[in-house]
Structures are given as C-alpha cells and as structure tokens.
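structure.pdb (PDB, C-alpha atoms) appears below.
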```pdb
ATOM      1  CA  MET A   1     138.268  56.716  73.303
ATOM      2  CA  ILE A   2     140.298  58.512  70.596
ATOM      3  CA  ASN A   3     140.096  62.298  70.702
ATOM      4  CA  GLY A   4     136.898  61.943  72.702
ATOM      5  CA  LEU A   5     135.045  60.482  69.721
ATOM      6  CA  ILE A   6     132.706  57.507  70.030
ATOM      7  CA  THR A   7     134.309  54.166  69.152
ATOM      8  CA  PRO A   8     132.875  50.714  68.326
ATOM      9  CA  GLY A   9     131.973  48.628  71.361
ATOM     10  CA  GLU A  10     130.709  51.581  73.370
ATOM     11  CA  SER A  11     127.073  51.884  74.335
ATOM     12  CA  ALA A  12     125.299  54.175  71.890
ATOM     13  CA  PRO A  13     124.244  57.315  73.763
ATOM     14  CA  ASP A  14     120.457  57.180  74.009
ATOM     15  CA  PHE A  15     118.358  60.106  72.818
ATOM     16  CA  GLU A  16     114.832  61.012  71.901
ATOM     17  CA  LEU A  17     113.597  63.402  69.213
ATOM     18  CA  THR A  18     110.264  64.061  67.517
ATOM     19  CA  ASP A  19     110.179  62.756  63.944
ATOM     20  CA  VAL A  20     108.771  64.480  60.830
ATOM     21  CA  HIS A  21     105.339  63.006  61.594
ATOM     22  CA  GLY A  22     105.276  64.329  65.156
ATOM     23  CA  LYS A  23     106.012  60.972  66.757
ATOM     24  CA  LEU A  24     108.510  60.705  69.609
ATOM     25  CA  VAL A  25     111.366  58.372  68.626
ATOM     26  CA  ARG A  26     113.850  57.029  71.156
ATOM     27  CA  LEU A  27     116.969  55.179  70.038
ATOM     28  CA  SER A  28     116.463  52.571  72.775
ATOM     29  CA  ASP A  29     113.001  51.792  71.300
ATOM     30  CA  PHE A  30     114.811  49.660  68.718
ATOM     31  CA  ARG A  31     116.760  47.686  71.302
ATOM     32  CA  THR A  32     116.031  43.918  71.059
ATOM     33  CA  ARG A  33     114.160  44.626  67.788
ATOM     34  CA  GLN A  34     116.316  45.947  64.949
ATOM     35  CA  PRO A  35     119.843  47.244  64.419
ATOM     36  CA  VAL A  36     119.808  50.957  63.621
ATOM     37  CA  VAL A  37     121.762  52.708  60.887
ATOM     38  CA  LEU A  38     122.253  56.213  62.252
ATOM     39  CA  ALA A  39     123.020  58.974  59.762
ATOM     40  CA  PHE A  40     123.844  62.489  60.897
ATOM     41  CA  LEU A  41     123.105  64.877  58.064
ATOM     42  CA  ARG A  42     124.800  68.119  57.122
ATOM     43  CA  GLY A  43     121.591  70.054  56.637
ATOM     44  CA  PHE A  44     119.501  70.633  53.534
ATOM     45  CA  SER A  45     120.308  74.243  52.749
TER      46      SER A  45
ATOM     47  CA  MET B   1     116.708  48.733  54.560
ATOM     48  CA  ARG B   2     116.180  45.021  55.110
ATOM     49  CA  GLY B   3     117.103  43.941  58.633
ATOM     50  CA  ALA B   4     117.687  47.418  60.019
ATOM     51  CA  GLU B   5     115.972  50.662  60.828
ATOM     52  CA  ILE B   6     117.421  53.773  59.172
ATOM     53  CA  VAL B   7     117.316  56.890  61.312
ATOM     54  CA  ALA B   8     118.512  60.247  59.971
ATOM     55  CA  VAL B   9     119.243  63.119  62.348
ATOM     56  CA  GLY B  10     119.718  66.592  60.901
ATOM     57  CA  PRO B  11     120.218  70.198  61.991
ATOM     58  CA  ASP B  12     117.249  71.646  60.100
ATOM     59  CA  ASN B  13     114.139  72.757  61.941
ATOM     60  CA  ALA B  14     110.960  70.651  61.938
ATOM     61  CA  PRO B  15     109.068  72.451  59.098
ATOM     62  CA  ASN B  16     112.080  72.397  56.742
ATOM     63  CA  PHE B  17     112.794  68.807  57.626
ATOM     64  CA  LYS B  18     109.190  67.773  56.980
ATOM     65  CA  ARG B  19     109.110  69.626  53.643
ATOM     66  CA  TYR B  20     112.312  67.942  52.484
ATOM     67  CA  TRP B  21     111.138  64.523  53.641
ATOM     68  CA  GLU B  22     107.818  64.832  51.820
ATOM     69  CA  ARG B  23     109.364  66.217  48.656
ATOM     70  CA  GLU B  24     111.956  63.442  48.451
ATOM     71  CA  GLU B  25     109.484  60.783  49.680
ATOM     72  CA  LEU B  26     112.087  59.345  51.996
ATOM     73  CA  PRO B  27     110.960  56.019  53.444
ATOM     74  CA  PHE B  28     112.975  56.163  56.659
ATOM     75  CA  ILE B  29     112.809  57.967  59.982
ATOM     76  CA  GLY B  30     113.741  61.648  59.882
ATOM     77  CA  LEU B  31     114.562  63.431  63.119
ATOM     78  CA  PRO B  32     114.999  67.206  63.194
ATOM     79  CA  ASP B  33     117.635  68.182  65.762
ATOM     80  CA  PRO B  34     117.596  71.987  65.469
ATOM     81  CA  THR B  35     119.287  72.506  68.850
ATOM     82  CA  HIS B  36     122.042  70.060  67.760
ATOM     83  CA  SER B  37     121.775  68.303  71.108
ATOM     84  CA  VAL B  38     121.998  64.812  69.601
ATOM     85  CA  ALA B  39     124.679  65.869  67.087
ATOM     86  CA  ARG B  40     126.733  67.095  70.057
ATOM     87  CA  LEU B  41     126.052  63.909  72.022
ATOM     88  CA  TYR B  42     127.533  61.943  69.092
ATOM     89  CA  LYS B  43     130.403  64.433  68.598
ATOM     90  CA  GLN B  44     129.466  65.265  65.010
ATOM     91  CA  GLU B  45     132.262  67.502  63.783
ATOM     92  CA  VAL B  46     131.505  71.059  62.725
ATOM     93  CA  ASN B  47     134.311  72.349  60.543
ATOM     94  CA  LEU B  48     134.006  76.019  59.679
ATOM     95  CA  PHE B  49     136.719  75.748  57.029
ATOM     96  CA  LYS B  50     134.836  72.941  55.305
ATOM     97  CA  LEU B  51     131.556  74.829  55.422
ATOM     98  CA  GLY B  52     129.744  73.099  58.197
ATOM     99  CA  ARG B  53     128.818  69.716  59.564
ATOM    100  CA  MET B  54     130.781  66.670  58.540
ATOM    101  CA  PRO B  55     128.811  63.487  57.847
ATOM    102  CA  LEU B  56     128.664  60.934  60.645
ATOM    103  CA  ASN B  57     127.353  57.396  60.174
ATOM    104  CA  SER B  58     126.983  54.575  62.649
ATOM    105  CA  VAL B  59     125.401  51.161  63.130
ATOM    106  CA  VAL B  60     123.901  50.342  66.538
ATOM    107  CA  ASP B  61     123.175  46.687  67.354
ATOM    108  CA  ILE B  62     120.071  45.359  69.110
ATOM    109  CA  GLU B  63     121.820  45.593  72.459
ATOM    110  CA  GLY B  64     122.294  49.316  71.947
ATOM    111  CA  ARG B  65     126.007  49.013  71.270
ATOM    112  CA  ILE B  66     127.954  50.869  68.580
ATOM    113  CA  ARG B  67     129.146  48.294  66.037
ATOM    114  CA  TYR B  68     130.388  50.649  63.359
ATOM    115  CA  ILE B  69     131.038  54.379  63.320
ATOM    116  CA  HIS B  70     132.550  56.653  60.726
ATOM    117  CA  TYR B  71     133.326  60.316  61.260
ATOM    118  CA  GLY B  72     133.449  61.888  57.802
ATOM    119  CA  SER B  73     136.465  64.072  57.078
ATOM    120  CA  SER B  74     134.836  65.943  54.190
ATOM    121  CA  MET B  75     131.371  66.690  52.870
ATOM    122  CA  ALA B  76     131.486  63.674  50.572
ATOM    123  CA  ASP B  77     133.105  61.278  53.051
ATOM    124  CA  ILE B  78     130.094  58.989  53.479
ATOM    125  CA  PRO B  79     130.647  55.212  53.427
ATOM    126  CA  PRO B  80     129.055  53.271  50.544
ATOM    127  CA  ASN B  81     125.828  51.408  51.305
ATOM    128  CA  GLU B  82     127.654  48.068  51.124
ATOM    129  CA  THR B  83     129.520  49.025  54.297
ATOM    130  CA  PHE B  84     126.239  49.143  56.196
ATOM    131  CA  PHE B  85     124.862  46.021  54.519
ATOM    132  CA  ASN B  86     127.999  44.138  55.522
ATOM    133  CA  VAL B  87     127.819  45.232  59.167
ATOM    134  CA  ILE B  88     124.128  44.269  59.316
ATOM    135  CA  GLU B  89     124.810  40.905  57.681
ATOM    136  CA  GLU B  90     127.495  40.249  60.302
ATOM    137  CA  LEU B  91     125.033  41.137  63.077
ATOM    138  CA  LYS B  92     122.414  38.803  61.604
ATOM    139  CA  LYS B  93     124.904  35.946  61.388
ATOM    140  CA  ALA B  94     126.066  36.571  64.950
ATOM    141  CA  SER B  95     122.504  36.512  66.280
ATOM    142  CA  LYS B  96     121.735  33.079  64.777
TER     143      LYS B  96
END
```
Mind turning the file's structure into structure tokens?
Amino acid sequence: MINGLITPGESAPDFELTDVHGKLVRLSDFRTRQPVVLAFLRGFS
Amino acid sequence: MRGAEIVAVGPDNAPNFKRYWEREELPFIGLPDPTHSVARLYKQEVNLFKLGRMPLNSVVDIEGRIRYIHYGSSMADIPPNETFFNVIEELKKASK
C-alpha cells in the first residue's frame, strides 16, 4: 500500500449502490461474469 | 464496452444523476453516491485547491481483484480508453 491508496493485486472493496433505474447493484455481482471498469466521477455541476 | 461492464460512481444525488444519464443517453451503469461512502472506500482524492474530486479509474477482474488503478492528479487526468481496452484484452487472454 502506497500512501494508503489501493494498488493492483488487492481485492476490490465490495460495495452496493442503487443505480439510476432504482436497481441495487453490487460490485461482487459481476464476479465470475465480467471484468468491471470502475470510473469515479467528479460530479456533473 | 465489449468484454467488460462499465460502472460509473458519482457524488451527485439520485435525481440529478438520473437526469444527466437520460439526457446523455449513457449506455452504462450509473451509481449515485451522494454520501461519498464508496468514493471514500476507494480513497478518491478530494483536492480543494483543484476544485474538487480528482478522477479515479480502475479495472476489476472476474475474481474481484484490482488489475489496474489510476488516481488522477488533475481534473483532466483520465487514462485514454485504450488503456482499459488493453487491460481487458490481457484479462481475456489470461482466462483462455
């Protein structure tokens, strides 16, 4: 770990959030199915 | 994106997020994170001198492991799409 940031090889911290259509999405839902490209946005405004 | 799911997490609240998503007709998963709980979990940098949140991009493999991660150092510091394509291609090759 460098400066406490996440580094390659670590387990991705799991999380769940409700998407724009009201559906609950959990990162681990994609496990065994698809790689995930995660993008953290700055905000629209 | 072929061979991967794209998931975008942002600080806006659900109604603003939904409005933006519908207006731009974005074809990938959009997750409002208004309490910033997931942004914090992933250590997304908030730089008050650079006017807010720095971009953060990552690729997670099918075992739930981080294969690529980039903490942006400025508003525009977002890797080109080829970076993600290349990581995903590598993952596909490795899984064969």
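Close contacts of stretch 37-52 of chain B, defined as residues with an atom at most 8 Å away when counting all atoms listed in the file, with chain neighbours fewer than 3 positions off set aside, comprise Leu5, Ile6, Pro13, Phe15, Phe40 and Arg42 of chain A; Val9, Gly10, Asp33, Pro34, Pro55, Leu56, Tyr71, Ser74 and Met75 of chain B.
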All residues 7 Å or closer to B:Phe17, only C-alpha atoms, same chain fewer than 4 positions away omitted, as an mmCIF file with C-alpha atoms, keeping the file's coordinate frame:
```cif
data_model
loop_
_atom_site.group_PDB
_atom_site.id
_atom_site.type_symbol
_atom_site.label_atom_id
_atom_site.label_comp_id
_atom_site.auth_asym_id
_atom_site.auth_seq_id
_atom_site.Cartn_x
_atom_site.Cartn_y
_atom_site.Cartn_z
ATOM 1 C CA VAL A 20 108.771 64.480 60.830
ATOM 2 C CA ASP B 12 117.249 71.646 60.100
ATOM 3 C CA ASN B 13 114.139 72.757 61.941
ATOM 4 C CA TRP B 21 111.138 64.523 53.641
ATOM 5 C CA PRO B 32 114.999 67.206 63.194
#
```
Selection result for the PyMOL selection byres ((chain A) within 8 of (chain B)) on this file, as a VMD selection string: chain A and resid 5 to 13 15 17 to 21 28 30 to 44
Rounded to one decimal in Å, what is the spacing between atom CA of A:Asp14 and atom CA of A:Asp29?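 If I compute the distance from atom CA of A:Asp14 to atom CA of A:Asp29, I get 9.6 Å.
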Quick one: what's the axis-aligned box for stretch 66-82 of chain B, all listed atoms, 8 Å on every side, centre and edges in Å to one decimal, as JSON?
```
{"center_x": 131.1, "center_y": 57.4, "center_z": 59.6, "size_x": 26.6, "size_y": 34.6, "size_z": 34.0}
```
